[in-house]
Amino acid sequence: MFRRGLLLPTWALATTVAATPQTTPQAELAPITVTATRTAQSPFDVAASVDVVAAPASGSLDVNASELLQGVPGILARDRQNYAQDTQISIRGFGARATFGIRGVRLYSDGIPATMPDGQGQVSHFNLDAADRIEVLRGPFSALYGNASGGVVQLFSAEGTDPPQVRLGLAGGSDGLLRATLNARGVQGALDYNLDFSHFRTDGYRDHSRAQRESGNAVLGWKLDEHRKLTVVLNTMNLPGAQDPLGLTPRQFQDNPRQADDAATTFNTRKSVSQQQAGLIYDDQLSDASHLRLMGYYGQRSVLQYLSIPAVAQISPLSAGGVVDLGNEYGGGDARWTWASTLAGRPFELTVGASYDNQHQHRRGYENFVDDTVGVRGALRRDEQDRVHDFDQYAQASWRVADAWTVMAGLRHSEVKFATDDRYLTARNPDDSGRVDYSATTPVAGVLYRVSPTAHLYASYGKGFETPTFSELGYRNDGDSGLNFGLQPSRTRSAEVGLKLRPRPGTQADIALFRADSRDEVAVATSLGGRTTYQNIPRARRQGAEASLTTTLAPRWKLQLAYTYLDARFRSPFLACAGRCSAPNTPVDAGARIAGVPRSNSYAALHFGGETGWQADLDSRYMATVPTGDLGTVEAPPYAVFGAGMGYVVEGGHWRTHAFARIDNLADRRYVGSVIVNDGNGRYFEPGSGRTFLLGVDLRWQP
């Protein structure tokens, strides 16, 4: 049954492109990307796998990044139904090991890094209501963004509009869901602006999963003169006391997927996050050929999290307790110069630059009990000052050496330095201060051949690297105190070949084959009593294929298909933990699948509608089995879910009104939405929601 469904996207891509209809629908505006080349380019002319996803004008929830990324092949963005943990994002298997936050994938919002210099990031502050588009870069050219760039996800806010607009949105649905937004964007003389505030709350699909989040975003641009522009980016996010229902064991999932684990209610597991950041971007068109861009940013992020670690597990003098208190200050900048002219009479672009990022983290841990009361802050168990900074230099060039040929190449040198100052010293807990430095030089090159005006063939190859994050350095896997500074960065060689087709206006298809070989893959060693330790696996490989198709079937009908096949395996034998253990004790053979990575997944959607009148959507998602641990003994079962939406748009006077309704998981299927890899308690499964509905209205006013 599922095997036939997996073949559908590839079969449809081939047959639809081959059977081009005689009637040509109205052409759409071609998207542009800056993520692959750092200058505005059509994705069709770039020797890399890069997708541009436009943010919907209205008619959607606009809360989770996963909403926009479902139709992009190669990327998995899974809504965990748990706002105490961030959206899970992995690209071609990179980042799949993350149990919280996002690792292995570089994240940016309006050019400002959402990934810290140690390689850990989050998208909870991505403001989708103000967004214009999200760009997703996969493959070798991702390495030009530095540490932990197995792929790149960038969000760009919309620019101010002329005439100005005021947008109001209200939506509500199952499980106490409510979303309210207010957005204003416009142009006033030399100033353009996009101001947004959104409020979201939910009681949660599962027990003990209530959450509330406020998000504010402001992008203000001043044209200083004809050639210079200054942009201010302000962002704030507040997530107070989001409840964490924890994962479920396979038995618990079968009994009742809506339940929370008993430990969640016993310890009142929860998380509060507050973040504020500001960025300043200066653009100067120095001449017809050269452009200068300077960016600086600063932010603060505080996290307070209550875990479900029992008191008996905190007896060890090395335990950091069951309450995590993190205070983060971060900042940095990027300077780059671009020259676009000719070389030997052919179009040539060169970008050179340097970036610096710094993170200062005050990490404290407390017991989560006082006497017989649990789920409260108790005695101090950890107090350290962690610092990490990177300093990178990079260069990237693109040269159209002939009408049919473009070559691209780049080089980046990265230095990442970690240091920790231990301030929690007792007779049984020695000074664990220390430091470690990592560095890498990552070259990448690609070539694009224009087979015809409607078909472009490309190939690329490059190297990349990923350091351990501070969370992964946090504990040694030999049971001693101190940070695991013996952990090495993972280094990767990756290659891809691809074909991009644009047979007619309104139709585009992309196919890519890829392989990435890593050495010193960072993987879980042990997970016990709130302590997760990590080790290096000598060799790992991720290889597969991606295919996507977007086509206009008729003036008001649009079809979208995406399919990913991914074989991700360790290529060296190693030892892993079987259940609760203090040291890896079970052999894992070479060829074992990497946890958290499905063999295949697909997406299909049919859209109907225009600027006004009736709108309708029908979509489906398929996910193959997902191994939950390195031993491969437990897998999340495959699933297919379907959703449908309908709306009506009317314009009159100064107003545009869009009323809409949506139902997800039409068949009320029980499925595992995401997995917690290598969980020591066996709570691997995070259930997806059952059948849910959403009703809303979006209003837009302009003079």
# chains A, B, ... in the order shown; residues from 1 in each chain; ligands from 1
>>> residues_around(residues="Gly410 of chain A", least_positions_apart="3", cutoff="10 Å", atoms="only C-alpha atoms", output="list in words")
Thr37, Phe141, Ala143, Leu144, Leu350, Thr351, Val352, Tyr394, Ala395, Gln396, Ala397, Ser398, Thr442, Pro443, Val444, Ala445, Gly446 and Gly462 of chain A
>>> write_last_selection(atoms="C-alpha atoms", output="PDB file, in the first residue's frame")
ATOM      1  CA  THR A  37      25.190  32.969  -3.604  1.00  0.00           C
ATOM      2  CA  PHE A 141      27.265  24.898  -0.727  1.00  0.00           C
ATOM      3  CA  ALA A 143      29.315  24.619   4.082  1.00  0.00           C
ATOM      4  CA  LEU A 144      29.971  28.253   3.136  1.00  0.00           C
ATOM      5  CA  LEU A 350      32.956  37.792  -6.294  1.00  0.00           C
ATOM      6  CA  THR A 351      32.003  38.045  -2.621  1.00  0.00           C
ATOM      7  CA  VAL A 352      34.548  38.202   0.200  1.00  0.00           C
ATOM      8  CA  TYR A 394      35.034  33.424   3.395  1.00  0.00           C
ATOM      9  CA  ALA A 395      35.126  34.017  -0.348  1.00  0.00           C
ATOM     10  CA  GLN A 396      32.707  32.935  -3.050  1.00  0.00           C
ATOM     11  CA  ALA A 397      32.738  33.466  -6.820  1.00  0.00           C
ATOM     12  CA  SER A 398      30.458  32.747  -9.767  1.00  0.00           C
ATOM     13  CA  THR A 442      35.910  24.119   3.883  1.00  0.00           C
ATOM     14  CA  PRO A 443      36.168  24.443   0.080  1.00  0.00           C
ATOM     15  CA  VAL A 444      33.223  23.928  -2.274  1.00  0.00           C
ATOM     16  CA  ALA A 445      32.827  24.042  -6.058  1.00  0.00           C
ATOM     17  CA  GLY A 446      30.044  23.525  -8.555  1.00  0.00           C
ATOM     18  CA  GLY A 462      32.502  20.321  -0.951  1.00  0.00           C
TER      19      GLY A 462
END
>>> residues_around(residues="Pro163 of chain A", least_positions_apart="3", cutoff="10 Å", atoms="only C-alpha atoms", output="JSON, numbers by chain")
{"A": [160, 185, 186, 187, 188, 702, 703]}
>>> closest_atom_pairs(of="segment 458-508 of chain A", to="segment 106-117 of chain A", cutoff="10 Å", atoms="only C-alpha atoms", output="tab-separated table")
residue	atom	partner	partner_atom	distance
A:Thr467	CA	A:Pro117	CA	9.4
A:Thr469	CA	A:Pro117	CA	8.6
A:Phe470	CA	A:Pro117	CA	9.9
>>> write_last_selection(atoms="N, CA and C atoms", output="PDB file, in the first residue's frame")
ATOM      1  N   THR A 467      31.019  21.198  14.922  1.00  0.00           N
ATOM      2  CA  THR A 467      31.574  21.008  16.257  1.00  0.00           C
ATOM      3  C   THR A 467      30.500  20.485  17.198  1.00  0.00           C
ATOM      4  N   THR A 469      28.108  20.867  20.373  1.00  0.00           N
ATOM      5  CA  THR A 469      27.553  22.023  21.056  1.00  0.00           C
ATOM      6  C   THR A 469      27.934  21.965  22.533  1.00  0.00           C
ATOM      7  N   PHE A 470      27.696  23.062  23.255  1.00  0.00           N
ATOM      8  CA  PHE A 470      27.972  23.061  24.694  1.00  0.00           C
ATOM      9  C   PHE A 470      27.152  21.990  25.408  1.00  0.00           C
TER      10      PHE A 470
END
>>> select_by_dssp(residues="segment 415-589 of chain A", states="alpha helix (DSSP H)", output="JSON, numbers by chain")
{"A": [470, 471, 472, 473]}
>>> closest_residue(among="A:Arg382, A:Arg493, A:Arg138, A:His125", to="Arg92 of chain A", atoms="only C-alpha atoms")
A:Arg138
>>> atom_distance(atom1="atom CA of Pro347 of chain A", atom2="atom CA of Thr39 of chain A")
13.8 Å
>>> residues_around(residues="Gly645 of chain A", least_positions_apart="4", cutoff="12 Å", atoms="only C-alpha atoms", output="ChimeraX atom specification")
/A:59-61,605-609,614-620,659-666,692-696
>>> closest_residue(among="A:Ile594, A:Met295, A:Val675, A:Val324", to="Thr269 of chain A", atoms="only C-alpha atoms")
A:Val324
>>> closest_residue(among="A:Ser42, A:Gln543, A:Asn82, A:Ser290", to="Trp337 of chain A", atoms="only C-alpha atoms")
A:Ser290
>>> residues_around(residues="Arg270 of chain A", least_positions_apart="3", cutoff="10 Å", atoms="only C-alpha atoms", output="MDAnalysis selection string")
chainID A and resid 83:85 208:211 240:246 264:265 267 304:308 323 375
>>> select_by_dssp(residues="segment 435-534 of chain A", states="strand (DSSP E)", output="PyMOL selection string")
chain A and resi 435-452+455-466+490-504+507-528+531-534
>>> residues_around(residues="segment 326-331 of chain A", least_positions_apart="4", cutoff="6 Å", atoms="only C-alpha atoms", output="compact mmCIF listing (two decimals) with N, CA and C atoms, in the first residue's frame")
# COMPACT_ATOMS: atom_id res chain seq x y z
N TYR A 297 24.67 42.55 15.43
CA TYR A 297 23.49 42.15 16.19
C TYR A 297 23.88 41.87 17.64
N TYR A 298 22.88 41.93 18.51
CA TYR A 298 23.05 41.62 19.93
C TYR A 298 21.73 41.09 20.45
N GLY A 299 21.81 40.10 21.36
CA GLY A 299 20.59 39.55 21.92
C GLY A 299 20.78 38.94 23.29
N GLN A 300 19.67 38.71 23.96
CA GLN A 300 19.65 38.04 25.26
C GLN A 300 18.56 36.97 25.22
N ARG A 301 18.87 35.83 25.80
CA ARG A 301 17.92 34.72 25.85
C ARG A 301 18.05 34.02 27.19
N SER A 302 16.94 33.90 27.90
CA SER A 302 16.95 33.21 29.19
C SER A 302 16.04 32.00 29.12
N VAL A 303 16.48 30.92 29.74
CA VAL A 303 15.74 29.66 29.73
C VAL A 303 15.70 29.11 31.15
N ASP A 357 31.02 35.79 15.78
CA ASP A 357 29.87 35.54 16.66
C ASP A 357 30.39 35.15 18.03
N ASN A 358 29.69 35.63 19.06
CA ASN A 358 30.12 35.38 20.43
C ASN A 358 28.91 35.03 21.29
N GLN A 359 29.09 34.04 22.15
CA GLN A 359 28.02 33.64 23.08
C GLN A 359 28.60 33.50 24.48
N HIS A 360 27.95 34.15 25.43
CA HIS A 360 28.33 34.05 26.85
C HIS A 360 27.13 33.47 27.58
N GLN A 361 27.32 32.30 28.15
CA GLN A 361 26.22 31.58 28.78
C GLN A 361 26.53 31.34 30.25
N HIS A 362 25.63 31.79 31.10
CA HIS A 362 25.73 31.49 32.53
C HIS A 362 24.81 30.30 32.80
N ARG A 363 25.40 29.15 33.05
CA ARG A 363 24.64 27.91 33.22
C ARG A 363 24.61 27.53 34.69
>>> closest_residue(among="A:Arg519, A:Arg400, A:Arg336, A:Arg258", to="Arg670 of chain A", atoms="only C-alpha atoms")
A:Arg258
>>> atom_distance(atom1="atom CA of Ser433 of chain A", atom2="atom CA of Gly119 of chain A")
20.8 Å
>>> residues_around(residues="segment 423-427 of chain A", least_positions_apart="3", cutoff="8 Å", atoms="only C-alpha atoms", output="PyMOL selection string")
chain A and resi 381-385+430-431
>>> write_last_selection(atoms="C-alpha atoms", output="PDB file, in the first residue's frame")
ATOM      1  CA  ARG A 381      24.286  21.838  41.871  1.00  0.00           C
ATOM      2  CA  ARG A 382      26.010  23.590  38.963  1.00  0.00           C
ATOM      3  CA  ASP A 383      27.380  27.063  38.327  1.00  0.00           C
ATOM      4  CA  GLU A 384      29.603  27.803  35.354  1.00  0.00           C
ATOM      5  CA  GLN A 385      30.371  30.515  32.849  1.00  0.00           C
ATOM      6  CA  PRO A 430      36.464  19.449  41.563  1.00  0.00           C
ATOM      7  CA  ASP A 431      37.205  22.408  39.296  1.00  0.00           C
TER       8      ASP A 431
END
>>> closest_residue(among="A:Leu191, A:Ala96, A:Leu220, A:Leu292", to="Ala158 of chain A", atoms="only C-alpha atoms")
A:Leu220
>>> residues_around(residues="Asp630 of chain A", least_positions_apart="3", cutoff="8 Å", atoms="only C-alpha atoms", output="list in words")
Ala576, Val588, Ala592, Arg593, Ile594, Ala595, Pro627 and Asn678 of chain A
>>> write_last_selection(atoms="N, CA and C atoms", output="CSV table (one decimal), in the first residue's frame")
chain,number,residue,atom,x,y,z
A,576,ALA,N,27.0,1.0,22.0
A,576,ALA,CA,25.9,1.9,22.4
A,576,ALA,C,25.3,1.3,23.7
A,588,VAL,N,27.2,-2.4,18.1
A,588,VAL,CA,26.3,-2.0,17.0
A,588,VAL,C,27.2,-2.2,15.7
A,592,ALA,N,24.3,0.0,10.6
A,592,ALA,CA,23.1,0.4,11.4
A,592,ALA,C,22.6,1.7,10.9
A,593,ARG,N,21.3,1.9,10.9
A,593,ARG,CA,20.7,3.1,10.5
A,593,ARG,C,20.9,4.2,11.5
A,594,ILE,N,21.0,5.4,11.1
A,594,ILE,CA,21.1,6.6,12.0
A,594,ILE,C,19.7,6.9,12.6
A,595,ALA,N,19.7,7.0,13.9
A,595,ALA,CA,18.4,7.2,14.5
A,595,ALA,C,17.7,8.5,14.1
A,627,PRO,N,13.8,4.9,12.9
A,627,PRO,CA,14.4,4.2,14.1
A,627,PRO,C,14.6,5.2,15.2
A,678,ASN,N,17.3,7.9,21.1
A,678,ASN,CA,18.1,7.3,22.2
A,678,ASN,C,17.7,7.7,23.6
>>> closest_residue(among="A:Ser674, A:Gln535, A:Gln560, A:Gln81", to="Ala636 of chain A", atoms="only C-alpha atoms")
A:Ser674
